[in-house]
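K.L.:
Sending over a structure as structure tokens; questions will come in a sec.
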Amino acid sequence: MLRYTTLALALLLFAAPRMSCAEQLLFEKIKTDNGIQFNYVWLDAEKTRHDLSFEIPSETLEDAPLGQTNYRPKIAQRYVTVALLKEAKSINPRDAKVEIKPKREAIDIRVKGFDDEKVENVLTHLQQIQQNAYDEYLYQHYFTRFTTLFNQQAIKPDHLRYIAESVKPMVPASQAFYEKIKTHSDSRAYFSLLLSWLQSIPYDTLEDRVASNGSGFAPPLGLLMQNLGDCDSKAVLASSMVRAFLPSTKMIMVFLPNHALLGIALTPLEGDEKIEHDGQTYVLYDPTGPAQIPFGQVSEDTQRYIQTGRFQIEVVD
């Protein structure tokens, strides 16, 4: 009896739109006895000058990921193949003979034997090993599965995991913004200052989500270190800082075909762009631009995507 299965490894999903940079006047990264101090000077949409400084401790920089590994199907395939070959060696050849063959972006598992039940059990077991090994590879490299608007099965950086793991490391930066806003100001003052800063950080363009290998994504601390990030990177950085400021407020990431922005469950004002999701209203905001866009506003292109339903939502825990 012969049974086989094929594992197709997905392409990476990741992208960002073309856009111009906002006005960052100064970026400094200074090593101190306790870590790294970040100094910024920038202009907001009204051309008001702002400055900000915060320090990230050395232990935080040592523990947190600073870069995103490129997703390469061949490397993922090799990782899974090694796990399968290792498991195949433990199978008694009297029960079944196993053949593992990588084929392009897939892996064939062939099981032969005289006892149909044993062959079926071995095949099922190896299929589970195959799935577990692939899941382990994705987790180790901060990737997750994703289904696109066009129902394509793909792989993208695990944005939600990066947000969750970056909240504590980003507390010094979030606190620095909180201390800059006036006493008794509402949360919109925090968002306005935060957005003008994020939009002033130079933008890194990545053309196509599905065709990309993930080289453009920067985790929050990596974005700070290189002073460069695309829309997904800035959205993740913004979310981790906002979560540190508003720990229990509901938030979402909104994915368009070639862009990403954010939403937060605040009471909308007249003129705010918003999305309804699971009975909750989320006010939209875009940390990327392309211009210095105020909290509650989005670009015309983004507005068209939202109005025509061409977007996907991930809820930030």
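By order of appearance in the structure tokens: chains A, B, ..., then residues from 1 within every chain, and ligands from 1 in the order shown.
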Based on the backbone DSSP call, show me all residues of region 74-215 of chain A assigned alpha helix (DSSP H), as a ChimeraX atom specification.
P.N.:
/A:74-88,116-140,159-166,171-180,187-200
K.L.:
Hey, could you make a per-residue contact list for region 135-202 of chain A against region 50-61 of chain A with 10 Å as the cut-off, showing the nearest pair of atoms and its distance in Å to one decimal, counting only C-alpha atoms, sorted by chain and number, as a tab-separated table?
P.N.:
residue	atom	partner	partner_atom	distance
A:Ser166	CA	A:Thr60	CA	9.7
A:Lys168	CA	A:Thr60	CA	9.0
A:Pro169	CA	A:Thr60	CA	6.1
A:Met170	CA	A:Ile56	CA	7.9
A:Val171	CA	A:Ile56	CA	8.9
A:Pro172	CA	A:Phe54	CA	6.1
A:Ala173	CA	A:Phe54	CA	5.7
A:Ser174	CA	A:Phe54	CA	9.0
A:Gln175	CA	A:Phe54	CA	8.5
A:Ala176	CA	A:Phe54	CA	6.2
A:Phe177	CA	A:Leu52	CA	7.6
A:Glu179	CA	A:Leu52	CA	9.9
A:Lys180	CA	A:Leu52	CA	8.1
A:Leu193	CA	A:His50	CA	8.6
A:Ser196	CA	A:His50	CA	9.2
A:Trp197	CA	A:His50	CA	8.5
K.L.:
Give the answer as one residue: which of A:Ala244, A:Leu266, A:Leu223, A:Ala96 has the shortest atom-to-atom distance to Glu117 (chain A), using only C-alpha atoms?
P.N.:
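Under the stated criterion, the closest residue is A:Ala96.
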K.L.:
Between A:Gly216, A:Glu314, A:Lys89, A:Ile107, which one has atoms that come closest to Thr147 (chain A), using only C-alpha atoms?
P.N.:
A:Glu314
K.L.:
From the DSSP assignment of the backbone, select every residue of region 68-269 of chain A that is strand (DSSP E or B), and format the answer as a PyMOL selection string.
P.N.:
chain A and resi 97-103+106-112+143-147+153-157+203+229+251-256+259-264
K.L.:
Please identify all polymer residues within 9 Å of Gln68 (chain A), counting only C-alpha atoms, omitting same-chain residues fewer than 6 positions from it, and present them as number ranges by chain.
P.N.:
A: 141-143, 157, 214-219, 222
K.L.:
So which residues touch Asp317 (chain A) within 8 Å, counting only C-alpha atoms, skipping near sequence neighbours fewer than 4 positions away, as a list in words?
P.N.:
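In the requested form, the answer reads Leu160, Ala164, Lys250 and Met251 of chain A.
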K.L.:
Would you list the contacts of Asp186 (chain A) as a ChimeraX atom specification, taking every protein, DNA or RNA residue within 12 Å and counting only C-alpha atoms, but skipping same-chain residues closer than 4 positions in sequence?
P.N.:
/A:178,181-182,190-193,245-246,266-267
K.L.:
Using only C-alpha atoms, which protein or nucleic acid residues come within 10 Å of Val316 (chain A)? Drop anything in the same chain fewer than 3 positions from it, and give the result as a list in words.
P.N.:
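Returned residues: His159, Leu160, Arg161, Ile163, Ala164, Val236, Ser239, Ser240, Arg243, Thr249, Lys250, Met251, Ile252, Met253, Leu262, Gly263, Ile264 and Ile313 of chain A.
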K.L.:
Which of these, A:Asp278, A:Glu99, A:Glu23, A:Asp158, has the shortest distance to Asp44 (chain A) once you count only C-alpha atoms?
P.N.:
A:Glu23
